[in-house]
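Chemist: I am attaching a structure below and will ask some questions about it afterwards.
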Amino acid sequence: MCWCHRCNQNKKVNGIPFSMTRMILCPDCGSKRCPKATDHRLACTDSNEPGQQGSIYGTLNPDYYEDDPWNSWRPSRDIV
Ligand SMILES: [Zn+2]
Ligand SMILES: [Zn+2]
């Protein structure tokens, strides 16, 4: 089973989104804001900087809270 947000976006544990049951971190650098934590196909940036391209935390509408990524999850056009 994959760790990333993309592969688990529809997965629920006891009715709760998978990502709410645990913190999803990049397996390489351990950063939640690394793009690889959002999609395993993206390269690890070894960075926890906010606003990274491809990261679920980098494309947030400012109205949403960072710790509530599922409120703002919108699949990218290049991800089918
Ligand atoms: Zn994945
Ligand atoms: Zn990483």
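Please note that chains go A, B, ... in the order of the structure tokens, that every chain numbers its residues from 1, and that ligands are numbered from 1 in the order shown.
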Which residues of chain A come within 8 Å of ligand 1, and what is each one's closest atom pair and distance in Å (one decimal), counting only C-alpha atoms and all ligand atoms, sorted by chain and residue number, as CSV?
Modeler:
residue,atom,partner,partner_atom_place_in_ligand_line,distance
A:Cys2,CA,ligand 1,1 (Zn),4.7
A:Trp3,CA,ligand 1,1 (Zn),5.8
A:Cys4,CA,ligand 1,1 (Zn),4.3
A:His5,CA,ligand 1,1 (Zn),6.7
A:Arg6,CA,ligand 1,1 (Zn),5.7
A:Cys7,CA,ligand 1,1 (Zn),4.4
A:Asn8,CA,ligand 1,1 (Zn),7.4
A:Thr38,CA,ligand 1,1 (Zn),7.7
A:Asp39,CA,ligand 1,1 (Zn),5.4
A:His40,CA,ligand 1,1 (Zn),4.4
A:Arg41,CA,ligand 1,1 (Zn),7.1
Chemist: Ligand 2: which residues are within 12 Å, counting only C-alpha atoms and all ligand atoms, as a PyMOL selection string?
Modeler: chain A and resi 4+24-49+52+54-55
